[in-house]
Amino acid sequence: MKNRLLWAGLFFCLLTPSFAQDFTVSGYLRDVETGEELLYAAVTVEGTTIGVSTNEYGFYSLTLPSGKYDITYSYVGYQSQTFSLTLNENLRKDVELGAGTMLEEVVVVSEEADQNISSTEMSVATLDIKDAKLIPVLFGEQDILKTIQLLPGVSANSEGSSGFFVRGGDSDQNLILLDEAPVYNASHLLGFFSVFNSDALKDVKLYKGGIPAQYGGRLSSVLDIRMKNGNTKNWTGSGGLGLISSRLTLEGPIQNDKGSIILSGRRTYADLILRLVRPDFSDTQLYFYDFNAKANYKLGESDRLYASGYFGRDIFNLGPVGLNWGNVTGTLRWNHIFNDQLFSNVSFIYSDFDYGFGIDNAGTAIDLSGGIENYALKQDFNWYPNPNNSIQFGWDATYYKFAPGSFTIDSDELENQAGIEIPNQKAIEASVYIDNEQKINSRLSLYYGLRMSTFSNIGAYDVKTYNEEDEVETITSYGSGEIYNTYFNFEPRFSATYILNPKSSLKASYNRMNQYIHLLSNSNAGSPTDIWVPSSELIKPEVADQVAVGYFRNFNDNQYEFSAETYYKRLDNLVEYEDGAETFLNEDVEAEIEFGQGRAYGLELFLKKKTGRLTGWVSYTLSKSERQFDAINNGEWFSARQDRTHDISVVASYQLTPKLTLSGSWVYFTGDAVTFPVGKYEIDGELQTLYTGRNGDRVPDYHRLDLGLTWVLKDSDKWHSDLNFSVYNVYDRHNTYSIDFRESESNAGEFEAVQTYLFGAVPSITWNFNFK
Amino acid sequence: MKRILLFLALASFMACEETIELDLDSSEPRLVVEAVLNASEANCTVSLSMTNDFYESGDYNRVEDAVITLRSNTGKSYELIHQGQGRYEVSDLNIEALETYTLEIQSPSRGNYQAVAQVPSKATIANIEVEELDGGLFGGDDDEDGDRQITLEWNDIVDEDNYYRIRIFENATYLSDFYVLADDRFNEGNMLSRPLFGEAFNEGDELQIELLSTNKAYFDYFTEIANNADTGLNGSAAPYNPQGNFDNGALGYFGIWQIDQQTIILE
């Protein structure tokens, strides 16, 4: 029924008759200096409320009755441009915008509401990479994942961590895409740094709710990160030298504007410093590196090819112990313009995460490895039939290979190598979707879409069932390539915007999401050995339903942006290990999983100052996130660990002089919900802790101030360099990282609580440069 | 693994520790049972006590009014005798291979509990290898790091699932926080070996090394105890009370073990 209505609605909007002859103006919007396409930029018709946004590739298409129009192209941080066009034929109009300098006020020409007010998107945050570079961070390592944690509804996994929670969801419920390729483990060095090197990135967009139908596969959020295409005009470079890492990026045109290429690398050298401090760590290796590369080539006016890749790895070698892990992603894309109104992109995507752990000691070698790998093919179409409808549709298919882990041991004493290999699992996830952004009248706009997704497990595999004692009851074997279990789900998406006046609007949204792959983790910090497992007959797909409503308001000639949103999210078929589960190389790990549900709700307030010498934002989140598992806490609801009642972030940067910019951020949130002991007893001569319930206690509240100062050393046409000084945790707050309970050394038989904190005040300095 | 990750985290950053005072709830006392049937020595000891509040000092309340009975599936029955301080014993048992025993505890004040365990087969120590350490990550030349690396080797019992725990008395002191647990999951029927990491052993030490062949419930219980002791990064997973084989909410375990031991002096 729901479907039929949707289809009927879709046809209705397409058949809306138009009497005059229509023509289309279409093209790309680009940065004048670098030739980079500008994504999600606004193209509007002056004197009307008609407009469209550029898509993920900077393309726009606007179909209007024949006539004369003033068309304005605008993008945040850029000088808007208006062109008078006479539309009596289909026009191709590529436009280049120049960046407005920081101190100049961007002149707002148009009279109609700004994009954040009028668009049907809500619960969405777009990060400006340039702004993010001013925010002071740990060790001076710029990190977009740290920046998004400062937004309402998003919070850090733990101290210094690049992992994050969105609206009370779990950290594996975030779909992190780098040029459309999913990144399965976005952290370096135990989470202190993300795998994303800001120098190589163009655009970052986070969907916390109202998630469009083109995305699927995770419950709580989508973080869509797009790499730069590379400068199409000149060869340029940029880079930096920091205390623990260095980076270098080179980009430039290939074959006379036919295309461009960008190469970007980063490597840390924490081990070199460690060796200086502690000479006894001379055989220690402890570093990570990232390498991003992307190239694109225009085949003609209508076709363009892109190839992009990411390679990153963490390497730890400490004496006989070695540990390494990393991601590889690759994306091949073909943009094709069928006609002025129809744009298409086909992508072939590869992504792999794997880890390896080894010990080679005293004649015994132990090796442990595991990971996840996927191949995907997808196609998206953007169709702009008329100014009131922007239709997107497409399909995708992803082939997964899960390698939960293999273990080998080779010893002088053993005649043969021994070990265990947990059987690999394979699966295909496929989906089709269609959606439409429809302007009903000058005040009301709707977005509606439907995604249909399927997930199938594929042999060869032995499917087991378990009894209550977690013992294998039956085994059913499936042959190679045999599909033995399929799920099929509908995911409706909807949002509506009602413009109250040019400065304010009300919005509402609903989305349903399904998640077919699950991260099983036995630690809260996230470790490279956490394993991804597919849905199966036993593990049902996770489901989330979220509704959100919001009020959006701009002040003072759009200098200030304000939003208030509330949401309610219901989560089903969540997975968690049961108490004391054997997680390490366990073939029957499915038997040790509990299934439950969750709910999260909250209020998010956000005030942002976009222009002027002082820029920044204040965000406040009031929220609750709870879970219910039959086997945990006597089946009663309990707080999720990330249930942070209050969460405040203040971010500001102030341009003191053209050469000096001061910046700071302050965060505060309610301490994590944890389980503290209520009693003690002794077993075999050792003190033990006694617990009741789950997550009924709180660690102390978290707060921290960071300050930074950026000093421009030289700024000419050919060369720019600056020095960035920063102090993390300025007032040396000892924020709890973990609390251990151990026997007191002075009073045998008695416990004491010992808190670990990771960082006191940490100063750092980074030198950045770029040249043309 | 977790220890290694923690080590990496701590080595790479200057993490600090400090003692803090927490405001903790108190709890209903629960029964704690430690019951061991030593099949090699044909005796059984059980100790019963109650839990204390977390910050409570002083002794635990002992349970002294219990009637404890040990019954085999072959029809044998023994009653344990209270020795004072909540400690109950019986000896000169007639234990046979692969018998199953049920331990019943009936306490008028604390309720009734029972647990079941099977007599395991006995494995014997094949070799104790002692290596001199020459510094580096896992050793040093001072007493605190230890200068000897010990590896214990034994032959797994063929064609059955076996569970082992290694215990050490160093100069007649029981190392109660030293947990080495092993099973034959990866290595059925082969020679098993375990390096005894985590304790400092030095030249001149007298070590009494015990290889316990245990029932599965004992192994599982101490695996959970060891994991809880190894809290690792950020408190690791949600903490919980290790659950042994007793019913009715009793903490603790009923273990049956076979013991093989050797005493060596490190040279």
# chains A, B, ... in the order shown; residues from 1 in each chain; ligands from 1
call {"tool": "closest_atom_pairs", "arguments": {"of": "chain A", "to": "chain B", "cutoff": "6 Å", "atoms": "only C-alpha atoms", "output": "tab-separated table"}}
result
residue	atom	partner	partner_atom	distance
A:Gly419	CA	B:Phe186	CA	5.4
A:Asn522	CA	B:Ala237	CA	5.1
A:Ser523	CA	B:Ser236	CA	4.2
A:Asn524	CA	B:Ser236	CA	5.8
A:Val678	CA	B:Ser26	CA	5.3
A:Gly679	CA	B:Phe54	CA	4.0
A:Lys680	CA	B:Phe54	CA	5.3
A:Tyr681	CA	B:Thr51	CA	5.0
A:Gly685	CA	B:Ser176	CA	5.6
A:Tyr737	CA	B:Asn234	CA	6.0
A:Ser738	CA	B:Asn234	CA	4.4
A:Ala753	CA	B:Ile20	CA	5.7
A:Val754	CA	B:Thr19	CA	4.3
A:Gln755	CA	B:Glu18	CA	5.4
A:Thr756	CA	B:Glu17	CA	4.4
A:Tyr757	CA	B:Cys16	CA	5.5
A:Leu758	CA	B:Ala15	CA	4.2
call {"tool": "write_last_selection", "arguments": {"atoms": "all heavy atoms", "output": "short mmCIF file (atom, residue, chain, number, x, y, z; two decimals), in the first residue's frame"}}
result
data_model
loop_
_atom_site.label_atom_id
_atom_site.label_comp_id
_atom_site.auth_asym_id
_atom_site.auth_seq_id
_atom_site.Cartn_x
_atom_site.Cartn_y
_atom_site.Cartn_z
N GLY A 419 47.08 -25.13 14.48
CA GLY A 419 46.34 -23.87 14.46
C GLY A 419 44.88 -24.07 14.24
O GLY A 419 44.36 -25.19 14.27
N ASN A 522 34.82 -6.69 22.20
CA ASN A 522 34.87 -7.04 23.60
C ASN A 522 35.49 -5.93 24.43
O ASN A 522 35.69 -6.07 25.62
CB ASN A 522 35.65 -8.34 23.80
CG ASN A 522 35.13 -9.10 24.99
OD1 ASN A 522 34.12 -8.72 25.59
ND2 ASN A 522 35.80 -10.16 25.36
N SER A 523 35.84 -4.83 23.78
CA SER A 523 36.40 -3.74 24.54
C SER A 523 35.67 -2.48 24.16
O SER A 523 35.09 -2.38 23.09
CB SER A 523 37.89 -3.59 24.26
OG SER A 523 38.08 -2.78 23.13
N ASN A 524 35.69 -1.51 25.05
CA ASN A 524 34.97 -0.28 24.77
C ASN A 524 35.78 0.66 23.90
O ASN A 524 35.23 1.55 23.27
CB ASN A 524 34.61 0.42 26.07
CG ASN A 524 33.54 -0.33 26.82
OD1 ASN A 524 32.71 -0.98 26.20
ND2 ASN A 524 33.56 -0.27 28.13
N VAL A 678 29.75 -3.43 43.82
CA VAL A 678 29.04 -3.12 45.05
C VAL A 678 29.59 -3.93 46.23
O VAL A 678 29.25 -3.68 47.37
CB VAL A 678 27.53 -3.42 44.93
CG1 VAL A 678 26.88 -2.47 43.95
CG2 VAL A 678 27.30 -4.86 44.49
N GLY A 679 30.42 -4.93 45.93
CA GLY A 679 30.92 -5.76 47.02
C GLY A 679 32.20 -6.46 46.62
O GLY A 679 32.74 -6.24 45.54
N LYS A 680 32.68 -7.31 47.54
CA LYS A 680 33.91 -8.05 47.26
C LYS A 680 33.87 -9.41 47.91
O LYS A 680 33.09 -9.66 48.83
CB LYS A 680 35.11 -7.25 47.79
CG LYS A 680 35.08 -7.04 49.30
CD LYS A 680 36.34 -6.35 49.79
CE LYS A 680 36.26 -6.09 51.28
NZ LYS A 680 37.44 -5.47 51.83
N TYR A 681 34.71 -10.30 47.41
CA TYR A 681 34.88 -11.64 47.99
C TYR A 681 36.22 -12.17 47.54
O TYR A 681 36.91 -11.52 46.76
CB TYR A 681 33.72 -12.56 47.58
CG TYR A 681 33.50 -12.73 46.09
CD1 TYR A 681 33.94 -13.87 45.41
CD2 TYR A 681 32.85 -11.74 45.35
CE1 TYR A 681 33.73 -14.03 44.05
CE2 TYR A 681 32.64 -11.88 43.99
CZ TYR A 681 33.07 -13.03 43.33
OH TYR A 681 32.86 -13.17 41.99
N GLY A 685 42.42 -17.11 47.06
CA GLY A 685 43.40 -16.17 47.61
C GLY A 685 43.43 -14.81 46.96
O GLY A 685 44.25 -13.98 47.32
N TYR A 737 39.93 7.81 31.90
CA TYR A 737 39.98 6.95 30.73
C TYR A 737 39.45 5.57 31.13
O TYR A 737 38.66 4.96 30.44
CB TYR A 737 41.40 6.85 30.21
CG TYR A 737 41.53 6.02 28.96
CD1 TYR A 737 40.95 6.45 27.77
CD2 TYR A 737 42.20 4.81 28.97
CE1 TYR A 737 41.05 5.70 26.62
CE2 TYR A 737 42.31 4.05 27.82
CZ TYR A 737 41.74 4.50 26.65
OH TYR A 737 41.84 3.75 25.51
N SER A 738 39.90 5.09 32.30
CA SER A 738 39.37 3.85 32.82
C SER A 738 39.51 3.86 34.33
O SER A 738 40.30 4.63 34.88
CB SER A 738 40.10 2.64 32.24
OG SER A 738 41.42 2.62 32.70
N ALA A 753 40.05 2.12 44.29
CA ALA A 753 39.69 2.43 42.90
C ALA A 753 40.80 3.29 42.32
O ALA A 753 41.19 4.29 42.90
CB ALA A 753 38.36 3.17 42.86
N VAL A 754 41.33 2.87 41.17
CA VAL A 754 42.43 3.59 40.55
C VAL A 754 41.98 4.07 39.17
O VAL A 754 41.55 3.29 38.34
CB VAL A 754 43.67 2.69 40.41
CG1 VAL A 754 44.80 3.45 39.74
CG2 VAL A 754 44.10 2.18 41.76
N GLN A 755 42.07 5.37 38.98
CA GLN A 755 41.66 5.95 37.70
C GLN A 755 42.88 6.17 36.82
O GLN A 755 43.92 6.61 37.28
CB GLN A 755 40.93 7.27 37.98
CG GLN A 755 41.25 8.36 37.00
CD GLN A 755 40.42 9.60 37.21
OE1 GLN A 755 39.21 9.56 37.35
NE2 GLN A 755 41.07 10.74 37.24
N THR A 756 42.73 5.82 35.54
CA THR A 756 43.78 6.11 34.57
C THR A 756 43.32 7.29 33.72
O THR A 756 42.19 7.30 33.27
CB THR A 756 44.01 4.91 33.64
OG1 THR A 756 44.35 3.79 34.45
CG2 THR A 756 45.12 5.17 32.66
N TYR A 757 44.19 8.27 33.57
CA TYR A 757 43.89 9.33 32.60
C TYR A 757 45.03 9.39 31.61
O TYR A 757 46.17 9.09 31.94
CB TYR A 757 43.64 10.67 33.29
CG TYR A 757 44.82 11.26 34.01
CD1 TYR A 757 45.66 12.17 33.38
CD2 TYR A 757 45.08 10.93 35.33
CE1 TYR A 757 46.74 12.72 34.04
CE2 TYR A 757 46.17 11.46 36.00
CZ TYR A 757 47.00 12.36 35.35
OH TYR A 757 48.07 12.88 36.00
N LEU A 758 44.69 9.69 30.38
CA LEU A 758 45.71 9.56 29.33
C LEU A 758 46.56 10.80 29.18
O LEU A 758 47.76 10.71 29.01
CB LEU A 758 45.04 9.26 27.99
CG LEU A 758 44.49 7.86 27.81
CD1 LEU A 758 43.98 7.69 26.40
CD2 LEU A 758 45.55 6.83 28.10
#
call {"tool": "residues_around", "arguments": {"residues": "A:Asn586", "least_positions_apart": "6", "cutoff": "9 Å", "atoms": "only C-alpha atoms", "output": "short mmCIF file (atom, residue, chain, number, x, y, z; two decimals) with C-alpha atoms, in the first residue's frame"}}
result
data_model
loop_
_atom_site.label_atom_id
_atom_site.label_comp_id
_atom_site.auth_asym_id
_atom_site.auth_seq_id
_atom_site.Cartn_x
_atom_site.Cartn_y
_atom_site.Cartn_z
CA PRO A 404 36.91 -13.70 11.38
CA GLY A 405 40.37 -14.96 12.20
CA ILE A 422 37.55 -19.79 11.68
#
call {"tool": "residues_around", "arguments": {"residues": "stretch 621-625 of chain A", "least_positions_apart": "4", "cutoff": "7 Å", "atoms": "only C-alpha atoms", "output": "list in words"}}
result
Pro152, Gly153, Gly168, Arg599, Ala600, Tyr601, Gly602, Leu603, Glu604, Leu605, Ser639, Ala640, Asp643, Arg644, Thr645, His646, Asp647 and Ile648 of chain A
call {"tool": "residues_around", "arguments": {"residues": "B:Asn245", "least_positions_apart": "2", "cutoff": "7 Å", "atoms": "only C-alpha atoms", "output": "PyMOL selection string"}}
result
chain B and resi 115-116+217+243+247+253-254
call {"tool": "atom_distance", "arguments": {"atom1": "atom CA of A:His734", "atom2": "atom CA of A:Leu690"}}
result
26.7 Å
call {"tool": "select_by_dssp", "arguments": {"residues": "stretch 188-372 of chain A", "states": "strand (DSSP E or B)", "output": "number ranges by chain"}}
result
A: 188, 193-194, 201-207, 221-227, 236-241, 245-254, 259-268, 284-298, 303-318, 321-339, 342-361, 364-372
call {"tool": "closest_residue", "arguments": {"among": "B:Asp92, B:Glu79, B:Asp147, B:Glu129", "to": "B:Arg194", "atoms": "only C-alpha atoms"}}
result
B:Glu129
